[in-house]
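Trainee: For reference, the structure I am asking about is given below.
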Protein chains: 2
Amino acid sequence: MSAPALIALDWGTTSLRAYLLGGDGVALDTRASSAGIMNLPAGGFDQAFEETCGAWLDAARLPVIAAGMVGSAQGWVEAPYVETPAGADALVAGIVKVKTARGVTVHVVPGVLEPGALPNVMRGEETQIFGALASDAASGAAGGALIGLPGTHAKWVFVNDERIERFYTFMTGETFGALRDHTILGRTMHPSPTHDEPVFLRGVDTARDAGHPGVLATIFSTRTLGLTGQLTAEQQPDYLSGLLIGHELRGLNEVLARQQASLAGRTLRLIGNDALCERYRTALARFGCHDAATVAHATEHGLYRIAALAGLVAAPARAA
Amino acid sequence: MSAPALIALDWGTTSLRAYLLGGDGVALDTRASSAGIMNLPAGGFDQAFEETCGAWLDAARLPVIAAGMVGSAQGWVEAPYVETPAGADALVAGIVKVKTARGVTVHVVPGVLEPGALPNVMRGEETQIFGALASDAASGAAGGALIGLPGTHAKWVFVNDERIERFYTFMTGETFGALRDHTILGRTMHPSPTHDEPVFLRGVDTARDAGHPGVLATIFSTRTLGLTGQLTAEQQPDYLSGLLIGHELRGLNEVLARQQASLAGRTLRLIGNDALCERYRTALARFGCHDAATVAHATEHGLYRIAALAGLVAAPARAA
């Protein structure tokens, strides 16, 4: 086991994850808390940082790098967006530093902005993507990589020549929660302790098939399939989840079609929690995509890689 | 002014509207309250009915007809759905009666079910549609009518030969509320006292144009256009409204395209509140549809017409 070399922070809206990384980029220790930027009192960044990382810094003076919403306008210090196409070098050039009460410098990685009529933004995902590119050969394949990051705001990112070229944000996870908790659809639903895959895939298939007028209409079938005895209350959440993920993948497939491409037969990579990535994998299979492995440790690897490029640590032998 | 002939109730989830109609089907008096079926205590139907209609019934013994969620499984009495294709005769045959404490019989009009892989249901709208057909020549045009009912759960209904043949439900209004009040999109929004039509139409046009991967993605631009200084906080609600209505109409247009038809150049009719119908009219114009008048008094006319067909009142001379 190598000696501690870097403190790496994934500091988002609702959580803070801290990694103590060795010189090989592998985590020696981790801390997680709910000290996301929206959960902090005004000026609470320094205290949250101390509570999470103070003991590590007492033991050794280490460089610190952070990515995520901590660099937003509502964060500790604003690290202005880098525009697409964005490589790791541009992220390094965009790092903004903030000095802590302890006198340590935190290096905050900027997010990425794709300008245009429908602008897109990410903060944190850019770092995970460069982590995935470093640790997975398939995600840096010739002809460009496609990486999906399922979640509250799912991202689908096109990477070419080690640069983030284009990406899309789907509010799939947050829309699911809002529909379940705050519309009539929730009234006939009961939570289910288990995942009903056939019902989930029925939702995916419904969204995938062309014969409907879009997601604003198909979601109502969650209720009417219940009213007509075709879905139980416990099945309705998985059906709605399948519908929304199916609509997301259908939309992605339409984007690919305009480039004479398709999800069918494509190699792609996923970054995210295992259960959610597994849902996406079964849904992707319905679109003919059977090569969609999850890239593990993308966050730590990305933070380490950017820190190495920034000269904060030595490049690990295993990184690409 | 003709003498009172009928008490007609539009009894929905959140409100109760009562009309005292003359023999010509025109309202002599109206009452409205928030005594919708979800707002009543258990067994509260009789009391709400008495409070709303008692004075009218004290003055004259009148037949009573009701439509809407009052006939649902959670209503006063369940009037099982009539299946498509459904004419006014089928609605009359499906009427279920309930006796009030006063000894008056309330005739409850059934809703309509379109069975299938994506079932659809309506309760109340079927009555408005037959009201619109009776009072507006264009909506009963040869070749079939298309009637839109904007709202919480917007309906688009295809009528042919005086029968409801097919319909679609779009959860546009309720999804708008859930996204605004319960997702990140609301965080950067401020309510605006005025309707910003150019911004609304920007949303409509964005949804209409093909170059995006669907509504789950375009809604995120409400936030990113704010982040990039292209929409103020006050403009974001109108933009989101335009996006969702635009996606609804785009979906409807895709359904029409499969029948070698289109919104462009089409005559259709709207039923609903004036401000919302006006929004839909400006949005429909972006799809090339310039003949979409609102049909007034569709609810009362529909209730009167069904009551006349049921023999509860004489047919008014003006009805078709």
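Numbering starts fresh at 1 for the residues of each chain in the structure tokens, the chains themselves are lettered A, B, ... in the order given, and ligands are numbered from 1 as they appear.
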Give me, as JSON, numbers by chain, all polymer residues having an atom no more than 12 Å from region 267-274 of chain B, counting only C-alpha atoms and skipping those fewer than 3 positions away in the same chain.
Mentor: {"B": [124, 125, 126, 127, 128, 129, 130, 131, 132, 133, 135, 136, 137, 138, 139, 140, 141, 142, 143, 144, 145, 146, 147, 148, 149, 150, 151, 152, 153, 154, 155, 156, 157, 158, 159, 261, 262, 263, 264, 277, 278, 279, 280, 281, 284, 285, 288, 289, 290, 291, 292, 293, 294, 295, 296, 297, 298, 299, 302]}
Trainee: Got a sec to tell me which of region 53-287 of chain A DSSP assigns to helix (DSSP H, G or I), as a PyMOL selection string?
Mentor: chain A and resi 53-59+69-71+88-93+125-135+138-140+172-182+184-188+197-208+215-218+221-227+236-257+274-286
Trainee: Which residue, B:Ala310, B:Ala134, B:Ala67, B:Met38, has the smallest gap to chain A when you use only C-alpha atoms?
Mentor: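 Under the stated criterion, the closest residue is B:Met38.
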Trainee: Please, which residues of chain A lie no more than 9 Å from chain B when the count uses only C-alpha atoms, and can they be set out as a VMD selection string?
Mentor: chain A and resid 115 117 to 121 153 168 to 172 174 to 175 177 to 179 181 to 184 206 211 to 222 224 to 225 228 244 247 to 255 258
Trainee: Output N, CA and C atoms of each residue in that selection to a file, as a compact mmCIF listing (two decimals), in the first residue's frame.
Mentor:
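File written: selection-v7.txt
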```txt
# COMPACT_ATOMS: atom_id res chain seq x y z
N PRO A 115 -22.26 25.53 -25.15
CA PRO A 115 -23.13 26.66 -25.49
C PRO A 115 -24.08 26.29 -26.63
N ALA A 117 -28.30 26.93 -28.53
CA ALA A 117 -29.71 27.22 -28.30
C ALA A 117 -30.25 26.44 -27.11
N LEU A 118 -29.74 25.24 -26.91
CA LEU A 118 -30.08 24.43 -25.74
C LEU A 118 -28.78 24.16 -24.98
N PRO A 119 -28.32 25.13 -24.20
CA PRO A 119 -27.03 24.96 -23.52
C PRO A 119 -27.08 23.76 -22.58
N ASN A 120 -25.92 23.17 -22.32
CA ASN A 120 -25.84 22.11 -21.33
C ASN A 120 -24.67 22.38 -20.40
N VAL A 121 -24.83 21.96 -19.17
CA VAL A 121 -23.78 22.16 -18.19
C VAL A 121 -23.58 20.88 -17.38
N HIS A 153 -30.05 13.86 -12.69
CA HIS A 153 -29.95 14.50 -13.99
C HIS A 153 -28.97 13.65 -14.81
N TYR A 168 -25.75 15.63 -23.39
CA TYR A 168 -27.17 15.88 -23.16
C TYR A 168 -27.49 15.60 -21.71
N THR A 169 -28.41 16.37 -21.17
CA THR A 169 -28.87 16.15 -19.81
C THR A 169 -30.34 15.74 -19.86
N PHE A 170 -30.68 14.64 -19.25
CA PHE A 170 -32.06 14.18 -19.14
C PHE A 170 -32.46 14.23 -17.66
N MET A 171 -33.53 14.93 -17.36
CA MET A 171 -33.94 15.07 -15.95
C MET A 171 -34.76 13.85 -15.51
N THR A 172 -34.29 12.67 -15.87
CA THR A 172 -35.06 11.45 -15.70
C THR A 172 -35.32 11.12 -14.24
N GLU A 174 -35.02 13.01 -11.48
CA GLU A 174 -35.77 14.02 -10.73
C GLU A 174 -37.23 14.07 -11.20
N THR A 175 -37.46 13.88 -12.50
CA THR A 175 -38.84 13.86 -13.00
C THR A 175 -39.59 12.66 -12.43
N GLY A 177 -39.14 11.25 -9.53
CA GLY A 177 -39.50 11.57 -8.15
C GLY A 177 -40.65 12.57 -8.07
N ALA A 178 -40.61 13.58 -8.93
CA ALA A 178 -41.66 14.61 -8.90
C ALA A 178 -43.01 14.02 -9.32
N LEU A 179 -43.01 13.13 -10.32
CA LEU A 179 -44.26 12.53 -10.77
C LEU A 179 -44.81 11.57 -9.71
N ASP A 181 -44.17 11.55 -6.42
CA ASP A 181 -44.49 12.15 -5.13
C ASP A 181 -45.47 13.31 -5.22
N HIS A 182 -45.66 13.88 -6.41
CA HIS A 182 -46.43 15.12 -6.48
C HIS A 182 -47.43 15.17 -7.62
N THR A 183 -47.84 14.01 -8.16
CA THR A 183 -48.93 14.01 -9.15
C THR A 183 -49.89 12.87 -8.82
N ILE A 184 -50.96 12.80 -9.59
CA ILE A 184 -51.98 11.76 -9.40
C ILE A 184 -51.39 10.36 -9.54
N THR A 206 -42.68 0.14 -24.05
CA THR A 206 -43.74 1.09 -24.40
C THR A 206 -43.14 2.39 -24.89
N GLY A 211 -45.70 4.05 -31.49
CA GLY A 211 -47.13 4.36 -31.58
C GLY A 211 -47.75 5.11 -30.42
N HIS A 212 -47.12 6.18 -29.96
CA HIS A 212 -47.68 6.99 -28.89
C HIS A 212 -47.21 8.42 -29.10
N PRO A 213 -47.88 9.37 -28.46
CA PRO A 213 -47.50 10.77 -28.69
C PRO A 213 -46.52 11.34 -27.67
N GLY A 214 -45.62 10.54 -27.12
CA GLY A 214 -44.58 11.11 -26.27
C GLY A 214 -44.80 10.87 -24.79
N VAL A 215 -43.80 11.22 -24.03
CA VAL A 215 -43.75 10.86 -22.61
C VAL A 215 -44.85 11.54 -21.80
N LEU A 216 -45.27 12.76 -22.17
CA LEU A 216 -46.34 13.41 -21.41
C LEU A 216 -47.63 12.60 -21.49
N ALA A 217 -47.77 11.80 -22.57
CA ALA A 217 -48.95 10.95 -22.72
C ALA A 217 -48.73 9.56 -22.13
N THR A 218 -47.57 8.96 -22.38
CA THR A 218 -47.40 7.57 -21.94
C THR A 218 -47.43 7.45 -20.41
N ILE A 219 -46.94 8.47 -19.71
CA ILE A 219 -46.91 8.36 -18.25
C ILE A 219 -48.31 8.15 -17.66
N PHE A 220 -49.34 8.67 -18.34
CA PHE A 220 -50.71 8.50 -17.82
C PHE A 220 -51.12 7.03 -17.82
N SER A 221 -50.46 6.22 -18.66
CA SER A 221 -50.82 4.79 -18.70
C SER A 221 -50.42 4.10 -17.39
N THR A 222 -49.50 4.68 -16.63
CA THR A 222 -49.20 4.12 -15.31
C THR A 222 -50.49 4.01 -14.50
N THR A 224 -53.75 4.30 -15.85
CA THR A 224 -54.86 3.59 -16.52
C THR A 224 -54.61 2.08 -16.56
N LEU A 225 -53.36 1.65 -16.60
CA LEU A 225 -53.09 0.21 -16.52
C LEU A 225 -53.44 -0.31 -15.13
N THR A 228 -57.37 -0.47 -15.02
CA THR A 228 -57.91 -1.58 -15.80
C THR A 228 -57.35 -2.93 -15.34
N LEU A 244 -39.75 6.15 -18.25
CA LEU A 244 -38.91 7.35 -18.33
C LEU A 244 -37.52 7.01 -18.86
N HIS A 247 -37.87 6.42 -22.53
CA HIS A 247 -37.96 7.66 -23.30
C HIS A 247 -36.59 8.34 -23.42
N GLU A 248 -35.82 8.29 -22.35
CA GLU A 248 -34.46 8.86 -22.40
C GLU A 248 -33.63 8.16 -23.49
N LEU A 249 -33.65 6.83 -23.49
CA LEU A 249 -32.83 6.10 -24.46
C LEU A 249 -33.38 6.26 -25.88
N ARG A 250 -34.68 6.37 -25.99
CA ARG A 250 -35.26 6.62 -27.31
C ARG A 250 -34.79 7.97 -27.85
N GLY A 251 -34.79 8.98 -26.98
CA GLY A 251 -34.31 10.30 -27.39
C GLY A 251 -32.83 10.26 -27.77
N LEU A 252 -32.05 9.53 -26.99
CA LEU A 252 -30.63 9.39 -27.31
C LEU A 252 -30.45 8.69 -28.65
N ASN A 253 -31.25 7.67 -28.89
CA ASN A 253 -31.18 6.94 -30.16
C ASN A 253 -31.53 7.85 -31.34
N GLU A 254 -32.46 8.77 -31.13
CA GLU A 254 -32.82 9.70 -32.21
C GLU A 254 -31.67 10.65 -32.51
N VAL A 255 -30.94 11.07 -31.45
CA VAL A 255 -29.75 11.89 -31.65
C VAL A 255 -28.71 11.11 -32.45
N ARG A 258 -29.37 10.75 -36.21
CA ARG A 258 -29.02 11.90 -37.06
C ARG A 258 -27.54 11.90 -37.45
```
Trainee: Which residues come within 8 Å of Ser2 (chain B), counting only C-alpha atoms, excluding same-chain residues fewer than 5 positions away, as a list in words?
Mentor: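 So, after excluding close chain neighbours, the residues are Gly22, Gly23 and Asp24 of chain B.
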Trainee: Just give me the gap between CA of Leu9 (chain A) and CA of Gln74 (chain A) in Å, one decimal is fine.
Mentor: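 Value for the CA of Leu9 (chain A)-CA of Gln74 (chain A) distance: 16.7 Å.
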Trainee: Could you give me, as a tab-separated table, a per-residue list for region 55-95 of chain A showing, wherever an atom lies at most 9 Å from an atom of region 40-50 of chain A, the closest pair of atoms and their distance in Å to one decimal, using only C-alpha atoms and sorting by chain then residue number from low to high?
Mentor:
```
residue	atom	partner	partner_atom	distance
A:Ala55	CA	A:Glu50	CA	8.0
A:Leu57	CA	A:Glu50	CA	8.8
A:Val70	CA	A:Phe45	CA	8.8
A:Gly75	CA	A:Phe45	CA	8.3
A:Trp76	CA	A:Phe45	CA	6.2
```
Trainee: Store the residues picked out above in a file with N, CA and C atoms, as a compact mmCIF listing (two decimals), in the first residue's frame.
Mentor:
```txt
# COMPACT_ATOMS: atom_id res chain seq x y z
N ALA A 55 -8.50 15.24 10.03
CA ALA A 55 -7.64 14.20 10.60
C ALA A 55 -6.58 13.76 9.59
N LEU A 57 -5.29 15.63 7.28
CA LEU A 57 -4.33 16.72 7.14
C LEU A 57 -3.47 16.89 8.39
N VAL A 70 -19.32 22.30 -5.71
CA VAL A 70 -18.49 23.16 -4.86
C VAL A 70 -17.89 24.30 -5.68
N GLY A 75 -21.20 27.74 -4.70
CA GLY A 75 -20.22 26.88 -4.03
C GLY A 75 -19.24 27.67 -3.17
N TRP A 76 -18.10 27.02 -2.91
CA TRP A 76 -17.10 27.63 -2.05
C TRP A 76 -16.40 28.75 -2.79
```
Trainee: Do you have the CA of Asp89 (chain B)-CA of Ile306 (chain B) distance handy?
Mentor: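 We find that CA of Asp89 (chain B) and CA of Ile306 (chain B) lie 8.2 Å from each other.
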Trainee: Just want the 10 Å neighbourhood of Ser33 (chain A), counted on only C-alpha atoms, with same-chain residues fewer than 3 positions away dropped. Output as a PDB file with C-alpha atoms, in the first residue's frame.
Mentor:
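Output file result_19.pdb follows:
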```
ATOM      1  CA  TRP A  11     -18.549  17.742  -3.460  1.00  0.00           C
ATOM      2  CA  THR A  14     -26.505  16.955  -1.469  1.00  0.00           C
ATOM      3  CA  SER A  15     -23.384  15.052  -0.452  1.00  0.00           C
ATOM      4  CA  LEU A  16     -19.659  15.294   0.104  1.00  0.00           C
ATOM      5  CA  ARG A  17     -17.446  12.300  -0.614  1.00  0.00           C
ATOM      6  CA  ALA A  18     -13.783  12.511   0.316  1.00  0.00           C
ATOM      7  CA  GLY A  36     -23.584  18.905   0.118  1.00  0.00           C
ATOM      8  CA  ALA A  48     -17.410  20.835   6.617  1.00  0.00           C
ATOM      9  CA  GLU A  51     -14.728  17.806   9.806  1.00  0.00           C
ATOM     10  CA  THR A  52     -14.221  15.579   6.796  1.00  0.00           C
TER      11      THR A  52
END
```
Trainee: When distances are computed from only C-alpha atoms, which of B:Asp29, B:Asp209, B:Asp58, B:Glu165 shows the smallest separation from Gly87 (chain B)?
Mentor: B:Glu165
Trainee: May I have all residues of region 89-262 of chain B that DSSP, computed from the backbone, assigns to strand (DSSP E or B), given as a count of residues only?
Mentor: 34
Trainee: Out of A:Met69, A:Ala101, A:Ile95, A:Leu201, which residue has the shortest atom-to-atom distance to Gly54 (chain A) when counting only C-alpha atoms?
Mentor: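 For Gly54 (chain A), the nearest of the given residues is A:Ala101.
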Trainee: What is the CA of Cys53 (chain A)-CA of Ala27 (chain A) distance in Å, reported with one decimal?
Mentor: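 Computing it gives 13.9 Å between the two atoms.
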Trainee: Quick one: of A:Tyr81, A:Phe200, A:Phe176, A:Tyr304, who's nearest to Ile65 (chain A), counting only C-alpha atoms?
Mentor: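 Of A:Tyr81, A:Phe200, A:Phe176, A:Tyr304, the one nearest Ile65 (chain A) is A:Tyr304, counting only C-alpha atoms.
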